[in-house]
Structures are given as structure tokens and as C-alpha cells.
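So this block is entry12.cif, mmCIF, C-alpha atoms:
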```cif
data_protein
loop_
_atom_site.label_atom_id
_atom_site.label_comp_id
_atom_site.auth_asym_id
_atom_site.auth_seq_id
_atom_site.Cartn_x
_atom_site.Cartn_y
_atom_site.Cartn_z
CA MET W 40 -6.54 3.49 5.81
CA HIS W 41 -5.38 1.70 8.93
CA ASP W 42 -8.52 2.88 10.72
CA ARG W 43 -10.55 0.94 8.14
CA ILE W 44 -8.70 -2.33 8.76
CA GLU W 45 -11.70 -4.11 10.22
CA GLU W 46 -13.80 -3.25 7.18
CA ILE W 47 -11.04 -4.60 4.96
CA ARG W 48 -10.96 -7.83 6.94
CA LYS W 49 -14.75 -8.17 6.85
CA LEU W 50 -14.42 -8.24 3.08
CA GLY W 51 -12.03 -11.17 3.39
CA ALA W 52 -8.92 -9.15 2.65
CA GLU W 53 -5.83 -8.05 4.52
CA LEU W 54 -3.83 -4.82 4.59
CA VAL W 55 -0.09 -4.94 3.94
CA ALA W 56 2.13 -1.86 3.95
CA VAL W 57 5.54 -1.68 2.31
CA GLY W 58 7.92 1.02 3.53
CA THR W 59 11.25 2.25 2.27
CA GLY W 60 12.94 2.11 5.66
CA ARG W 61 15.03 -0.46 7.45
CA PRO W 62 13.44 -3.29 9.46
CA GLU W 63 14.31 -1.35 12.63
CA GLN W 64 12.22 1.58 11.42
CA VAL W 65 9.39 -0.79 10.62
CA ALA W 66 9.62 -2.23 14.14
CA ASP W 67 9.53 1.26 15.69
CA PHE W 68 6.57 2.26 13.55
CA VAL W 69 4.62 -0.91 14.38
CA GLU W 70 5.29 -0.52 18.09
CA ASN W 71 4.81 3.25 18.40
CA GLN W 72 1.68 3.40 16.25
CA ARG W 73 0.34 0.10 17.59
CA VAL W 74 -0.07 -1.14 14.06
CA ASN W 75 -2.18 -4.28 13.76
CA PHE W 76 -1.37 -5.20 10.19
CA LEU W 77 1.72 -6.42 8.37
CA VAL W 78 4.35 -3.81 7.56
CA LEU W 79 7.34 -4.81 5.45
CA SER W 80 10.74 -3.23 4.83
CA ASP W 81 11.64 -2.66 1.19
CA GLU W 82 15.05 -1.31 2.07
CA LYS W 83 16.61 -2.17 -1.29
CA ALA W 84 13.62 -1.10 -3.43
CA GLU W 85 13.12 -4.62 -4.74
CA ALA W 86 9.35 -4.48 -4.39
CA ALA W 87 9.13 -0.87 -5.52
CA ASN W 88 11.07 -1.67 -8.68
CA ALA W 89 9.01 -4.80 -9.37
CA ALA W 90 5.82 -2.75 -8.98
CA SER W 91 7.20 0.06 -11.15
CA ILE W 92 6.83 2.65 -8.39
CA GLU W 93 8.15 5.97 -9.60
CA THR W 94 10.55 8.31 -7.94
CA ALA W 95 9.68 11.96 -8.05
CA SER W 96 11.64 14.90 -9.28
CA ILE W 97 11.91 17.95 -7.09
CA PHE W 98 9.09 19.48 -9.14
CA ARG W 99 6.77 16.57 -8.41
CA LEU W 100 7.74 16.46 -4.74
CA PHE W 101 6.57 20.04 -4.40
CA HIS W 102 3.80 19.86 -7.00
CA PRO W 103 1.26 22.67 -6.62
CA HIS W 104 -1.54 20.08 -6.49
CA SER W 105 -0.08 18.82 -3.24
CA PHE W 106 -0.19 22.18 -1.43
CA ALA W 107 -3.87 22.22 -0.46
CA PRO W 108 -4.06 18.56 0.64
CA THR W 109 -0.82 18.94 2.59
CA LEU W 110 -2.15 22.02 4.38
CA HIS W 111 -5.43 20.24 5.08
CA ALA W 112 -3.62 17.25 6.56
CA TRP W 113 -1.40 19.53 8.65
CA LYS W 114 -4.41 21.36 10.04
CA ALA W 115 -6.04 18.01 10.86
CA GLY W 116 -3.04 17.16 12.98
CA HIS W 117 -1.38 14.67 10.67
CA ARG W 118 2.39 14.76 10.78
CA ILE W 119 4.92 12.95 8.70
CA GLY W 120 6.67 10.24 10.66
CA SER W 121 10.01 8.72 10.06
CA SER W 122 11.06 8.98 6.43
CA GLY W 123 12.44 5.89 4.82
CA ARG W 124 15.55 5.62 2.74
CA ARG W 125 14.01 6.91 -0.47
CA VAL W 126 12.17 10.15 0.18
CA THR W 127 11.70 10.69 -3.54
CA GLN W 128 9.82 7.43 -4.03
CA LEU W 129 6.12 8.03 -4.58
CA GLY W 130 3.42 5.87 -3.08
CA ALA W 131 1.00 3.44 -4.66
CA SER W 132 -1.91 1.22 -3.70
CA PHE W 133 -3.03 -2.07 -5.15
CA VAL W 134 -5.63 -4.73 -4.55
CA VAL W 135 -4.08 -8.09 -5.42
CA GLY W 136 -5.31 -11.64 -5.12
CA PRO W 137 -6.29 -14.26 -4.53
CA GLY W 138 -3.42 -15.31 -6.74
CA ALA W 139 -1.44 -12.95 -8.93
CA LYS W 140 -4.45 -10.98 -10.14
CA VAL W 141 -4.46 -7.21 -9.84
CA HIS W 142 -7.97 -5.85 -9.25
CA TYR W 143 -7.01 -2.25 -8.61
CA GLU W 144 -3.98 -0.05 -8.93
CA HIS W 145 -3.27 3.57 -8.10
CA TYR W 146 0.10 5.25 -8.53
CA ASP W 147 0.39 8.47 -6.56
CA GLU W 148 1.00 11.46 -8.83
CA HIS W 149 2.60 13.52 -6.06
CA PRO W 150 3.28 13.14 -2.32
CA ALA W 151 -0.19 14.30 -1.25
CA ASP W 152 -1.98 12.07 -3.73
CA HIS W 153 -3.49 8.88 -2.33
CA ALA W 154 -5.82 6.24 -3.69
CA PRO W 155 -9.45 7.09 -2.95
CA LEU W 156 -10.65 4.68 -0.30
CA ALA W 157 -13.97 4.31 -2.08
CA GLU W 158 -12.17 2.87 -5.10
CA ILE W 159 -10.22 0.43 -2.97
CA PHE W 160 -13.33 -0.76 -1.21
CA ALA W 161 -15.20 -1.03 -4.50
CA ALA W 162 -12.44 -3.31 -5.78
CA LEU W 163 -12.58 -5.43 -2.62
CA GLU W 164 -16.34 -5.73 -2.98
CA ARG W 165 -15.94 -6.88 -6.60
CA VAL W 166 -13.45 -9.51 -5.49
CA ARG W 167 -15.82 -10.65 -2.77
CA LEU W 168 -18.71 -10.93 -5.21
CA GLU W 169 -16.55 -12.86 -7.67
CA SER W 170 -15.58 -15.27 -4.92
CA VAL W 171 -19.22 -16.11 -4.18
CA GLY W 172 -20.11 -16.30 -7.86
CA ASP W 173 -22.28 -13.22 -7.75
CA VAL W 174 -20.49 -11.11 -10.31
CA PRO W 175 -22.53 -8.08 -11.42
CA ALA W 176 -23.32 -7.77 -15.10
CA PRO W 177 -20.95 -5.49 -16.98
CA PRO W 178 -22.29 -2.03 -17.81
CA ALA W 179 -24.19 -1.77 -21.11
CA MET V 275 1.43 -3.88 -12.41
CA ASP V 276 2.90 -7.35 -12.78
CA ALA V 277 1.87 -9.18 -9.65
CA THR V 278 3.66 -12.34 -10.75
CA SER V 279 6.97 -10.51 -10.82
CA LEU V 280 6.22 -8.60 -7.62
CA GLY V 281 5.20 -11.83 -5.93
CA THR V 282 8.71 -13.25 -6.21
CA VAL V 283 10.07 -10.52 -3.95
CA THR V 284 10.79 -11.41 -0.32
CA LEU V 285 10.84 -8.67 2.32
CA SER V 286 11.47 -8.48 6.06
CA ASP V 287 8.79 -7.60 8.58
CA ALA V 288 9.27 -5.84 11.92
CA THR V 289 10.77 -8.99 13.47
CA ARG V 290 13.06 -9.53 10.46
CA GLU V 291 11.03 -12.54 9.43
CA ARG V 292 11.12 -12.92 5.67
CA LYS V 293 7.82 -12.81 3.81
CA ARG V 294 7.39 -13.77 0.17
CA LEU V 295 4.84 -11.38 -1.30
CA ALA V 296 3.06 -14.01 -3.41
CA ASP V 297 2.34 -16.00 -0.26
CA LEU V 298 0.49 -13.02 1.21
CA TRP V 299 -2.09 -12.92 -1.56
CA ALA V 300 -2.17 -16.61 -2.48
CA ASP V 301 -5.48 -17.32 -0.79
CA ARG V 302 -7.10 -13.92 -0.17
CA PRO V 303 -7.04 -10.42 -1.57
CA VAL V 304 -4.54 -7.97 -0.15
CA VAL V 305 -4.61 -4.19 -0.10
CA LEU V 306 -0.95 -3.50 -0.75
CA VAL V 307 0.16 0.04 0.05
CA PHE V 308 3.59 1.46 -0.71
CA LEU V 309 4.44 4.12 1.87
CA ARG V 310 6.76 7.10 1.52
CA HIS V 311 7.16 7.48 5.25
CA PHE V 312 6.09 5.85 8.48
CA GLY V 313 3.23 7.71 10.07
#
```

Represent the structure of the file as C-alpha cells.
Amino acid sequence: MHDRIEEIRKLGAELVAVGTGRPEQVADFVENQRVNFLVLSDEKAEAANAASIETASIFRLFHPHSFAPTLHAWKAGHRIGSSGRRVTQLGASFVVGPGAKVHYEHYDEHPADHAPLAEIFAALERVRLESVGDVPAPPA
Amino acid sequence: MDATSLGTVTLSDATRERKRLADLWADRPVVLVFLRHFG
């Protein structure tokens, strides 16, 4: 998603990542990966708990549905970087704001599950249209 | 997801500066991603 940051910003939004590691790990990640968006340390799981992010059992960590996407990512050259403090915590993606309004939410079912980017961008577009008063009519 | 509750949480960034989550999305939408690992 970080390679789509400019598209996110063109829609008037910002990308914020929340990791399970210490601030030092966040600093290393930001520097080594040349990250140009905000990355936060949720070392004590305060945000994860408030967002009801699940932790996975061993079965879910190695869910069969994750095998093919994991292999695909591996073949594409993607490698897992530094793990945070809670390796069993699953991921999630939200579109929030302006204000405390949630426009989109996706809770990862297993480690290889990620929110479809098309859905995230569709939510951002809806927010943008709402902000200019051009809200599409609801489906019949 | 309860964004009001989540918004009260304050986290540290890479420079250890504290950020209150509600402030991040007060004026603009935010794509908030919870990561399992860095990279």
C-alpha cells in the first residue's frame, strides 16, 4: 500500500501504520525502508485492543488459505521484516475520518489476508465525494 | 470498530513523539493499517 501513498494523498487522505514493535523498531523500519508516512508503535497493544484486533491461534497463523498467497509473495521477492512484539496479532485496515467516523474496516482472517486495495480506494472516493457534497444515490 | 474509543489512544512515532490517534483523523480521512511485522 505504501507505493500507493500519492494516490491516497490525492484523495485528501493520509496513510498511518500501527506496528506491534518498540519505537526503536519503528525508527529502524522508517529509516531502512525510507518510509514517507507516519508509523506508530503500539508496544502495549492499546490501539489494537481499542480496535478489537484479534490474535490468532496456531491454526489461524498457519491457515491453509494463507499458503498460496504466502508462496506468491515469497516468489515475488517479498520478505517478512522485523516482527513486532505480538506475532500472533492479526492485521486490520480502516478508513477513518474526518472525525470519528469509520468508512471502511477489514479485519485480516489470517496472516496472508489483507484488505483489497480497491475497497480502500472506493471508501476514500466515497469520503471525497461526501466532502464536496456529491454523494452518489444509494443503490435501488 | 469504535473510532471514538480508538481515538483516545496515544502512541509514539519513530522519534518517540506522542500522537493522539483522534488528532490524526480530525480534519481528513486516514487509512489506518495495523501491521503484524515491519516490512

For Trp299 in chain V, please output as a count of residues only all residues within 6 Å (counting all atoms listed in the file; exclusion window: fewer than 6 positions along the same chain).
3

Could you give me, as JSON lines, a per-residue list for chain W showing, wherever an atom lies at most 7 Å from an atom of chain V, the closest pair of atoms and their distance in Å to one decimal, using only C-alpha atoms and sorting by chain then residue number from low to high?
```
{"residue": "W:Gly51", "atom": "CA", "partner": "V:Arg302", "partner_atom": "CA", "distance": 6.7}
{"residue": "W:Ala52", "atom": "CA", "partner": "V:Pro303", "partner_atom": "CA", "distance": 4.8}
{"residue": "W:Glu53", "atom": "CA", "partner": "V:Val304", "partner_atom": "CA", "distance": 4.8}
{"residue": "W:Leu54", "atom": "CA", "partner": "V:Val305", "partner_atom": "CA", "distance": 4.8}
{"residue": "W:Val55", "atom": "CA", "partner": "V:Leu306", "partner_atom": "CA", "distance": 5.0}
{"residue": "W:Ala56", "atom": "CA", "partner": "V:Val307", "partner_atom": "CA", "distance": 4.8}
{"residue": "W:Val57", "atom": "CA", "partner": "V:Phe308", "partner_atom": "CA", "distance": 4.8}
{"residue": "W:Gly58", "atom": "CA", "partner": "V:Leu309", "partner_atom": "CA", "distance": 4.9}
{"residue": "W:Thr59", "atom": "CA", "partner": "V:Arg310", "partner_atom": "CA", "distance": 6.7}
{"residue": "W:Pro62", "atom": "CA", "partner": "V:Ala288", "partner_atom": "CA", "distance": 5.5}
{"residue": "W:Glu63", "atom": "CA", "partner": "V:Ala288", "partner_atom": "CA", "distance": 6.8}
{"residue": "W:Val65", "atom": "CA", "partner": "V:Ala288", "partner_atom": "CA", "distance": 5.2}
{"residue": "W:Ala66", "atom": "CA", "partner": "V:Ala288", "partner_atom": "CA", "distance": 4.3}
{"residue": "W:Phe68", "atom": "CA", "partner": "V:Phe312", "partner_atom": "CA", "distance": 6.2}
{"residue": "W:Val78", "atom": "CA", "partner": "V:Asp287", "partner_atom": "CA", "distance": 5.9}
{"residue": "W:Leu79", "atom": "CA", "partner": "V:Asp287", "partner_atom": "CA", "distance": 4.4}
{"residue": "W:Ser80", "atom": "CA", "partner": "V:Ser286", "partner_atom": "CA", "distance": 5.4}
{"residue": "W:Asp81", "atom": "CA", "partner": "V:Leu285", "partner_atom": "CA", "distance": 6.2}
{"residue": "W:Glu85", "atom": "CA", "partner": "V:Val283", "partner_atom": "CA", "distance": 6.7}
{"residue": "W:Ala86", "atom": "CA", "partner": "V:Val283", "partner_atom": "CA", "distance": 6.1}
{"residue": "W:Ala89", "atom": "CA", "partner": "V:Leu280", "partner_atom": "CA", "distance": 5.0}
{"residue": "W:Ala90", "atom": "CA", "partner": "V:Met275", "partner_atom": "CA", "distance": 5.7}
{"residue": "W:Ile119", "atom": "CA", "partner": "V:Gly313", "partner_atom": "CA", "distance": 5.7}
{"residue": "W:Gly120", "atom": "CA", "partner": "V:Gly313", "partner_atom": "CA", "distance": 4.3}
{"residue": "W:Ser121", "atom": "CA", "partner": "V:Phe312", "partner_atom": "CA", "distance": 5.1}
{"residue": "W:Ser122", "atom": "CA", "partner": "V:His311", "partner_atom": "CA", "distance": 4.3}
{"residue": "W:Gly123", "atom": "CA", "partner": "V:His311", "partner_atom": "CA", "distance": 5.5}
{"residue": "W:Val126", "atom": "CA", "partner": "V:Arg310", "partner_atom": "CA", "distance": 6.4}
{"residue": "W:Gln128", "atom": "CA", "partner": "V:Arg310", "partner_atom": "CA", "distance": 6.3}
{"residue": "W:Leu129", "atom": "CA", "partner": "V:Arg310", "partner_atom": "CA", "distance": 6.2}
{"residue": "W:Gly130", "atom": "CA", "partner": "V:Phe308", "partner_atom": "CA", "distance": 5.0}
{"residue": "W:Ala131", "atom": "CA", "partner": "V:Phe308", "partner_atom": "CA", "distance": 5.1}
{"residue": "W:Ser132", "atom": "CA", "partner": "V:Val307", "partner_atom": "CA", "distance": 4.4}
{"residue": "W:Phe133", "atom": "CA", "partner": "V:Leu306", "partner_atom": "CA", "distance": 5.1}
{"residue": "W:Val134", "atom": "CA", "partner": "V:Val305", "partner_atom": "CA", "distance": 4.6}
{"residue": "W:Val135", "atom": "CA", "partner": "V:Val304", "partner_atom": "CA", "distance": 5.3}
{"residue": "W:Gly136", "atom": "CA", "partner": "V:Pro303", "partner_atom": "CA", "distance": 4.1}
{"residue": "W:Pro137", "atom": "CA", "partner": "V:Arg302", "partner_atom": "CA", "distance": 4.4}
{"residue": "W:Gly138", "atom": "CA", "partner": "V:Ala300", "partner_atom": "CA", "distance": 4.6}
{"residue": "W:Ala139", "atom": "CA", "partner": "V:Ala277", "partner_atom": "CA", "distance": 5.1}
{"residue": "W:Lys140", "atom": "CA", "partner": "V:Ala277", "partner_atom": "CA", "distance": 6.6}
{"residue": "W:Val141", "atom": "CA", "partner": "V:Ala277", "partner_atom": "CA", "distance": 6.6}
```

For the structure provided, state which residues fall under the PyMOL selection byres ((chain W and resi 164) around 12), and present them as a VMD selection string.
(chain W and resid 46 to 52 134 142 to 143 157 to 163 165 to 171 173 to 175) or (chain V and resid 303)

Check the smallest atom-to-atom distance from each of W:Thr94, W:Asn71, W:Thr109, W:Gln64 to Arg125 in chain W using only C-alpha atoms, then report the winner.
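Of all the options, W:Thr94 lies closest to Arg125 in chain W.
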
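Pairwise distance (CA of Ser91 in chain W, CA of Asn75 in chain W) equals 27.0 Å.
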
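Interatomic distance, CA of Ile44 in chain W against CA of Lys83 in chain W: 27.2 Å.
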